>>> print(open('my_file29.pdb').read())   # PDB, C-alpha atoms, pLDDT in the B column
ATOM      1  CA  MET A   1       0.000   0.000   0.000  1.00 85.00           C
ATOM      2  CA  ASN A   2       1.385   3.374  -1.066  1.00 94.00           C
ATOM      3  CA  ILE A   3       0.405   6.328   1.165  1.00 95.00           C
ATOM      4  CA  ILE A   4       1.145   9.882   0.046  1.00 96.00           C
ATOM      5  CA  PHE A   5       0.357  13.096   1.917  1.00 97.00           C
ATOM      6  CA  LYS A   6      -0.496  15.974  -0.440  1.00 96.00           C
ATOM      7  CA  ARG A   7      -1.898  19.442  -0.033  1.00 96.00           C
ATOM      8  CA  LEU A   8      -5.661  19.664  -0.474  1.00 97.00           C
ATOM      9  CA  SER A   9      -5.066  22.042  -3.382  1.00 96.00           C
ATOM     10  CA  GLU A  10      -3.350  19.177  -5.237  1.00 97.00           C
ATOM     11  CA  VAL A  11      -6.372  16.862  -5.399  1.00 96.00           C
ATOM     12  CA  GLN A  12      -9.506  16.908  -7.505  1.00 96.00           C
ATOM     13  CA  LYS A  13     -12.228  19.135  -6.072  1.00 96.00           C
ATOM     14  CA  SER A  14     -14.792  16.536  -7.057  1.00 96.00           C
ATOM     15  CA  ASP A  15     -13.142  14.021  -4.696  1.00 96.00           C
ATOM     16  CA  ILE A  16     -13.316  16.428  -1.752  1.00 96.00           C
ATOM     17  CA  ILE A  17     -16.927  17.334  -2.571  1.00 95.00           C
ATOM     18  CA  GLU A  18     -17.920  13.667  -2.768  1.00 95.00           C
ATOM     19  CA  LEU A  19     -16.289  12.963   0.603  1.00 93.00           C
ATOM     20  CA  MET A  20     -17.879  15.920   2.354  1.00 92.00           C
ATOM     21  CA  ASN A  21     -21.324  15.087   0.934  1.00 93.00           C
ATOM     22  CA  ASN A  22     -21.115  11.450   2.052  1.00 89.00           C
ATOM     23  CA  PRO A  23     -23.873  10.904   4.652  1.00 87.00           C
ATOM     24  CA  LEU A  24     -21.734   8.483   6.701  1.00 85.00           C
ATOM     25  CA  VAL A  25     -19.016  11.132   6.969  1.00 82.00           C
ATOM     26  CA  GLY A  26     -21.597  13.793   7.834  1.00 79.00           C
ATOM     27  CA  ARG A  27     -22.885  11.742  10.769  1.00 75.00           C
ATOM     28  CA  GLN A  28     -19.425  11.970  12.362  1.00 74.00           C
ATOM     29  CA  MET A  29     -19.094  15.741  11.863  1.00 72.00           C
ATOM     30  CA  PRO A  30     -21.797  17.884  13.494  1.00 64.00           C
ATOM     31  CA  LEU A  31     -20.324  21.095  12.039  1.00 69.00           C
ATOM     32  CA  LEU A  32     -20.660  19.760   8.498  1.00 71.00           C
ATOM     33  CA  LYS A  33     -23.880  21.405   7.341  1.00 73.00           C
ATOM     34  CA  GLY A  34     -25.576  21.551   3.981  1.00 76.00           C
ATOM     35  CA  ASN A  35     -24.625  20.289   0.573  1.00 85.00           C
ATOM     36  CA  TRP A  36     -21.057  20.884  -0.561  1.00 89.00           C
ATOM     37  CA  THR A  37     -20.655  22.614  -3.908  1.00 92.00           C
ATOM     38  CA  GLU A  38     -17.641  23.651  -5.922  1.00 95.00           C
ATOM     39  CA  ASP A  39     -17.829  27.085  -4.272  1.00 94.00           C
ATOM     40  CA  THR A  40     -17.921  25.525  -0.787  1.00 92.00           C
ATOM     41  CA  CYS A  41     -14.927  23.402  -1.684  1.00 95.00           C
ATOM     42  CA  ASP A  42     -12.971  26.364  -3.101  1.00 95.00           C
ATOM     43  CA  LYS A  43     -13.485  28.315   0.152  1.00 94.00           C
ATOM     44  CA  PHE A  44     -12.551  25.299   2.263  1.00 93.00           C
ATOM     45  CA  VAL A  45      -9.334  24.606   0.344  1.00 97.00           C
ATOM     46  CA  ALA A  46      -8.394  28.312   0.304  1.00 97.00           C
ATOM     47  CA  GLY A  47      -8.842  28.438   4.088  1.00 95.00           C
ATOM     48  CA  LYS A  48      -6.644  25.395   4.576  1.00 95.00           C
ATOM     49  CA  GLU A  49      -3.985  26.876   2.267  1.00 96.00           C
ATOM     50  CA  ARG A  50      -4.030  30.052   4.400  1.00 96.00           C
ATOM     51  CA  LEU A  51      -3.200  27.901   7.435  1.00 95.00           C
ATOM     52  CA  TRP A  52      -0.128  26.592   5.617  1.00 95.00           C
ATOM     53  CA  ALA A  53       0.900  30.107   4.557  1.00 96.00           C
ATOM     54  CA  ASN A  54       0.377  31.659   8.005  1.00 94.00           C
ATOM     55  CA  HIS A  55       1.520  28.846  10.297  1.00 93.00           C
ATOM     56  CA  GLY A  56       3.699  26.540   8.209  1.00 92.00           C
ATOM     57  CA  TYR A  57       1.388  23.566   8.678  1.00 94.00           C
ATOM     58  CA  GLY A  58      -2.146  22.462   8.033  1.00 95.00           C
ATOM     59  CA  PRO A  59      -4.169  19.455   6.921  1.00 96.00           C
ATOM     60  CA  TRP A  60      -3.145  17.100   4.171  1.00 96.00           C
ATOM     61  CA  ALA A  61      -5.019  15.118   1.572  1.00 97.00           C
ATOM     62  CA  PHE A  62      -4.368  11.385   1.936  1.00 97.00           C
ATOM     63  CA  MET A  63      -3.743   9.399  -1.218  1.00 97.00           C
ATOM     64  CA  ILE A  64      -3.823   5.620  -0.881  1.00 96.00           C
ATOM     65  CA  ASP A  65      -2.569   3.812  -3.989  1.00 95.00           C
ATOM     66  CA  ASP A  66      -3.316   6.981  -6.007  1.00 94.00           C
ATOM     67  CA  GLN A  67      -6.899   7.254  -4.684  1.00 96.00           C
ATOM     68  CA  PHE A  68      -8.106  10.143  -2.543  1.00 97.00           C
ATOM     69  CA  ALA A  69      -8.938   8.581   0.834  1.00 97.00           C
ATOM     70  CA  GLY A  70      -9.700  11.733   2.822  1.00 96.00           C
ATOM     71  CA  TRP A  71      -8.009  14.576   4.589  1.00 96.00           C
ATOM     72  CA  GLY A  72      -6.677  15.480   8.000  1.00 95.00           C
ATOM     73  CA  GLY A  73      -3.588  15.907  10.075  1.00 94.00           C
ATOM     74  CA  VAL A  74      -2.934  18.789  12.411  1.00 96.00           C
ATOM     75  CA  GLN A  75      -3.972  22.367  11.974  1.00 94.00           C
ATOM     76  CA  PRO A  76      -3.816  25.431  14.202  1.00 92.00           C
ATOM     77  CA  GLU A  77      -7.129  26.118  15.925  1.00 87.00           C
ATOM     78  CA  ASP A  78      -7.451  28.894  18.531  1.00 84.00           C
ATOM     79  CA  GLY A  79      -3.851  28.504  19.700  1.00 86.00           C
ATOM     80  CA  GLU A  80      -4.037  24.707  19.760  1.00 90.00           C
ATOM     81  CA  ALA A  81      -2.903  22.014  17.347  1.00 95.00           C
ATOM     82  CA  ASP A  82      -6.111  20.272  16.347  1.00 94.00           C
ATOM     83  CA  LEU A  83      -5.884  16.727  14.989  1.00 95.00           C
ATOM     84  CA  ALA A  84      -8.506  15.615  12.493  1.00 92.00           C
ATOM     85  CA  LEU A  85      -8.953  12.521  10.368  1.00 93.00           C
ATOM     86  CA  VAL A  86     -11.785  12.633   7.823  1.00 92.00           C
ATOM     87  CA  LEU A  87     -11.805   9.490   5.723  1.00 94.00           C
ATOM     88  CA  HIS A  88     -14.106   8.140   3.061  1.00 94.00           C
ATOM     89  CA  PRO A  89     -15.911   5.068   4.497  1.00 93.00           C
ATOM     90  CA  ASP A  90     -14.083   2.897   1.946  1.00 93.00           C
ATOM     91  CA  PHE A  91     -10.873   3.756   3.846  1.00 94.00           C
ATOM     92  CA  TRP A  92     -12.005   3.654   7.477  1.00 89.00           C
ATOM     93  CA  GLY A  93      -9.734   0.670   8.126  1.00 89.00           C
ATOM     94  CA  ILE A  94      -6.581   2.683   7.341  1.00 93.00           C
ATOM     95  CA  GLY A  95      -7.117   5.290  10.077  1.00 90.00           C
ATOM     96  CA  LYS A  96      -4.653   3.823  12.577  1.00 90.00           C
ATOM     97  CA  THR A  97      -1.849   3.754  10.004  1.00 93.00           C
ATOM     98  CA  LEU A  98      -2.518   7.375   9.006  1.00 95.00           C
ATOM     99  CA  TYR A  99      -2.806   8.414  12.662  1.00 94.00           C
ATOM    100  CA  LYS A 100       0.686   7.079  13.398  1.00 93.00           C
ATOM    101  CA  GLN A 101       2.152   9.016  10.471  1.00 94.00           C
ATOM    102  CA  ILE A 102       0.309  12.179  11.529  1.00 95.00           C
ATOM    103  CA  ILE A 103       1.529  11.879  15.133  1.00 94.00           C
ATOM    104  CA  ASP A 104       5.100  11.204  14.000  1.00 93.00           C
ATOM    105  CA  ARG A 105       4.992  14.395  11.919  1.00 94.00           C
ATOM    106  CA  ALA A 106       3.246  16.443  14.632  1.00 94.00           C
ATOM    107  CA  PHE A 107       5.718  15.608  17.396  1.00 94.00           C
ATOM    108  CA  GLY A 108       8.719  15.170  15.095  1.00 93.00           C
ATOM    109  CA  GLU A 109       8.865  17.521  12.100  1.00 92.00           C
ATOM    110  CA  LEU A 110       6.493  20.125  13.543  1.00 93.00           C
ATOM    111  CA  GLY A 111       7.905  19.970  17.082  1.00 93.00           C
ATOM    112  CA  LEU A 112       4.499  20.221  18.739  1.00 94.00           C
ATOM    113  CA  ASN A 113       4.158  19.485  22.456  1.00 94.00           C
ATOM    114  CA  SER A 114       0.529  18.401  22.330  1.00 95.00           C
ATOM    115  CA  VAL A 115      -2.416  17.835  20.016  1.00 96.00           C
ATOM    116  CA  GLN A 116      -6.109  17.946  20.716  1.00 95.00           C
ATOM    117  CA  VAL A 117      -9.046  16.039  19.283  1.00 93.00           C
ATOM    118  CA  LEU A 118     -12.598  17.336  19.511  1.00 90.00           C
ATOM    119  CA  PHE A 119     -15.334  14.698  19.555  1.00 88.00           C
ATOM    120  CA  PRO A 120     -19.060  15.351  19.767  1.00 84.00           C
ATOM    121  CA  PRO A 121     -20.651  13.657  22.810  1.00 85.00           C
ATOM    122  CA  SER A 122     -22.463  11.337  20.379  1.00 81.00           C
ATOM    123  CA  ARG A 123     -19.087   9.665  19.672  1.00 80.00           C
ATOM    124  CA  THR A 124     -19.141   7.341  22.655  1.00 79.00           C
ATOM    125  CA  ARG A 125     -16.605   4.817  21.395  1.00 82.00           C
ATOM    126  CA  VAL A 126     -13.479   6.554  22.699  1.00 87.00           C
ATOM    127  CA  GLN A 127     -11.571   3.661  24.285  1.00 89.00           C
ATOM    128  CA  GLY A 128      -9.185   3.495  21.339  1.00 86.00           C
ATOM    129  CA  LEU A 129      -8.426   7.192  21.750  1.00 88.00           C
ATOM    130  CA  LEU A 130      -7.743   6.718  25.454  1.00 90.00           C
ATOM    131  CA  ARG A 131      -5.480   3.720  24.758  1.00 90.00           C
ATOM    132  CA  LEU A 132      -3.413   5.970  22.461  1.00 90.00           C
ATOM    133  CA  GLY A 133      -2.712   8.213  25.463  1.00 91.00           C
ATOM    134  CA  PHE A 134      -5.342  10.923  24.954  1.00 94.00           C
ATOM    135  CA  LYS A 135      -6.906  12.298  28.123  1.00 94.00           C
ATOM    136  CA  GLU A 136     -10.327  13.891  28.391  1.00 94.00           C
ATOM    137  CA  GLU A 137      -9.980  17.570  29.283  1.00 93.00           C
ATOM    138  CA  ALA A 138     -13.178  19.551  28.941  1.00 90.00           C
ATOM    139  CA  LYS A 139     -16.465  20.150  27.206  1.00 92.00           C
ATOM    140  CA  LEU A 140     -16.580  23.180  24.944  1.00 87.00           C
ATOM    141  CA  GLN A 141     -18.798  24.877  22.389  1.00 86.00           C
ATOM    142  CA  VAL A 142     -17.736  25.268  18.771  1.00 82.00           C
ATOM    143  CA  GLY A 143     -20.173  26.716  16.258  1.00 79.00           C
ATOM    144  CA  ASN A 144     -23.200  26.108  18.544  1.00 83.00           C
ATOM    145  CA  GLU A 145     -22.219  22.444  18.953  1.00 80.00           C
ATOM    146  CA  THR A 146     -20.861  20.740  22.062  1.00 87.00           C
ATOM    147  CA  PHE A 147     -17.579  18.857  21.852  1.00 89.00           C
ATOM    148  CA  ILE A 148     -15.381  16.984  24.280  1.00 92.00           C
ATOM    149  CA  ARG A 149     -11.710  17.891  24.042  1.00 94.00           C
ATOM    150  CA  TYR A 150      -9.137  15.129  24.397  1.00 94.00           C
ATOM    151  CA  ARG A 151      -5.423  15.952  24.555  1.00 95.00           C
ATOM    152  CA  LEU A 152      -2.299  13.953  23.808  1.00 95.00           C
ATOM    153  CA  GLU A 153       0.907  15.356  25.278  1.00 94.00           C
ATOM    154  CA  LYS A 154       4.210  14.580  23.594  1.00 91.00           C
ATOM    155  CA  ALA A 155       5.455  13.039  26.848  1.00 85.00           C
ATOM    156  CA  ASP A 156       2.474  10.658  26.881  1.00 79.00           C
ATOM    157  CA  ILE A 157       3.070   9.405  23.349  1.00 73.00           C
ATOM    158  CA  LYS A 158       6.099   7.394  24.402  1.00 52.00           C
ATOM    159  CA  GLU A 159       4.148   5.806  27.239  1.00 48.00           C
ATOM    160  CA  SER A 160       1.182   4.904  25.022  1.00 48.00           C
ATOM    161  CA  GLN A 161       3.469   3.616  22.242  1.00 50.00           C
ATOM    162  CA  GLY A 162       4.957   1.160  24.732  1.00 44.00           C
ATOM    163  CA  LYS A 163       1.512  -0.274  25.479  1.00 43.00           C
ATOM    164  CA  ARG A 164       0.930  -1.426  21.895  1.00 39.00           C
TER     165      ARG A 164
END
>>> encode(input="my_file29.pdb", output="structure tokens")
Amino acid sequence: MNIIFKRLSEVQKSDIIELMNNPLVGRQMPLLKGNWTEDTCDKFVAGKERLWANHGYGPWAFMIDDQFAGWGGVQPEDGEADLALVLHPDFWGIGKTLYKQIIDRAFGELGLNSVQVLFPPSRTRVQGLLRLGFKEEAKLQVGNETFIRYRLEKADIKESQGKR
């Protein structure tokens, strides 16, 4: 299996639009509202490119054997490094492999000390997240939606890696 991280601006808009309009993906993302169009996609990709320009990092597009599998990685969010992984359902089984590469880049290349993940309370299956070393921190509001913030500290990654 060949995994390549690209910028979102390097993939077909139609692939991003298809992903973001997928109802199974939408169920996992309470902030994902409405039907995605080419205009929606253009604004989304432009915003993600601004993150790269302003902060030196942002989300990637994931290509698995030359197919767009989804997007994610770490991006700056209100002074935090926010980790996201948005995959097409056809690629849900590859999440752990991508996660490891993302974490290696976050704590290695990017030199981050921690990353956060925001899950809606409806995502009750969090044991895997906790086994990776994430710790529940707080409930917060984002865009009129409630989320639970989980944090992984760089120091905890070594401990959780040893448990695998």
>>> axis_aligned_box(input="my_file29.pdb", around="stretch 69-83 of chain A", padding_each_side="6 Å", output="JSON")
{"center_x": -6.3, "center_y": 18.7, "center_z": 10.3, "size_x": 18.8, "size_y": 32.3, "size_z": 30.9}
>>> residues_around(input="my_file29.pdb", residues="stretch 63-67 of chain A", least_positions_apart="6", cutoff="10 Å", atoms="only C-alpha atoms", output="number ranges by chain")
A: 1-6, 11, 15, 91, 94
>>> residues_around(input="my_file29.pdb", residues="A:Glu77", least_positions_apart="4", cutoff="10 Å", atoms="all atoms listed in the file", output="compact mmCIF listing (two decimals) with C-alpha atoms, in the frame of the given file")
# COMPACT_ATOMS: atom_id res chain seq x y z
CA LEU A 51 -3.20 27.90 7.44
CA ALA A 81 -2.90 22.01 17.35
CA ASP A 82 -6.11 20.27 16.35
CA LEU A 83 -5.88 16.73 14.99
CA GLN A 116 -6.11 17.95 20.72
>>> resolve_selection(input="my_file29.pdb", expression="the PyMOL selection byres ((chain A and resi 36-43) around 7)", output="tab-separated table (two decimals) with C-alpha atoms, in the coordinates of the input")
chain	number	residue	atom	x	y	z
A	13	LYS	CA	-12.23	19.14	-6.07
A	17	ILE	CA	-16.93	17.33	-2.57
A	20	MET	CA	-17.88	15.92	2.35
A	21	ASN	CA	-21.32	15.09	0.93
A	34	GLY	CA	-25.58	21.55	3.98
A	35	ASN	CA	-24.62	20.29	0.57
A	44	PHE	CA	-12.55	25.30	2.26
A	45	VAL	CA	-9.33	24.61	0.34
A	46	ALA	CA	-8.39	28.31	0.30
A	47	GLY	CA	-8.84	28.44	4.09
>>> resolve_selection(input="my_file29.pdb", expression="the PyMOL selection byres ((chain A and resi 118-131) around 7)", output="compact mmCIF listing (two decimals) with C-alpha atoms, keeping the file's coordinate frame")
# COMPACT_ATOMS: atom_id res chain seq x y z
CA GLN A 116 -6.11 17.95 20.72
CA VAL A 117 -9.05 16.04 19.28
CA LEU A 132 -3.41 5.97 22.46
CA GLY A 133 -2.71 8.21 25.46
CA PHE A 134 -5.34 10.92 24.95
CA LYS A 135 -6.91 12.30 28.12
CA THR A 146 -20.86 20.74 22.06
CA PHE A 147 -17.58 18.86 21.85
CA ILE A 148 -15.38 16.98 24.28
CA ARG A 149 -11.71 17.89 24.04
CA TYR A 150 -9.14 15.13 24.40
CA SER A 160 1.18 4.90 25.02
>>> resolve_selection(input="my_file29.pdb", expression="the PyMOL selection byres ((chain A and resi 110) around 12)", output="list of chain:residue names")
A:His55, A:Gly56, A:Tyr57, A:Gly58, A:Gly73, A:Val74, A:Gln75, A:Pro76, A:Ala81, A:Ile102, A:Ile103, A:Asp104, A:Arg105, A:Ala106, A:Phe107, A:Gly108, A:Glu109, A:Gly111, A:Leu112, A:Asn113, A:Ser114, A:Val115, A:Lys154
>>> residues_around(input="my_file29.pdb", residues="A:His88", least_positions_apart="6", cutoff="8 Å", atoms="all atoms listed in the file", output="ChimeraX atom specification")
/A:19,22,25,69-70
>>> write_last_selection(input="my_file29.pdb", atoms="C-alpha atoms", output="PDB file, in the frame of the given file")
ATOM      1  CA  LEU A  19     -16.289  12.963   0.603  1.00 93.00           C
ATOM      2  CA  ASN A  22     -21.115  11.450   2.052  1.00 89.00           C
ATOM      3  CA  VAL A  25     -19.016  11.132   6.969  1.00 82.00           C
ATOM      4  CA  ALA A  69      -8.938   8.581   0.834  1.00 97.00           C
ATOM      5  CA  GLY A  70      -9.700  11.733   2.822  1.00 96.00           C
TER       6      GLY A  70
END
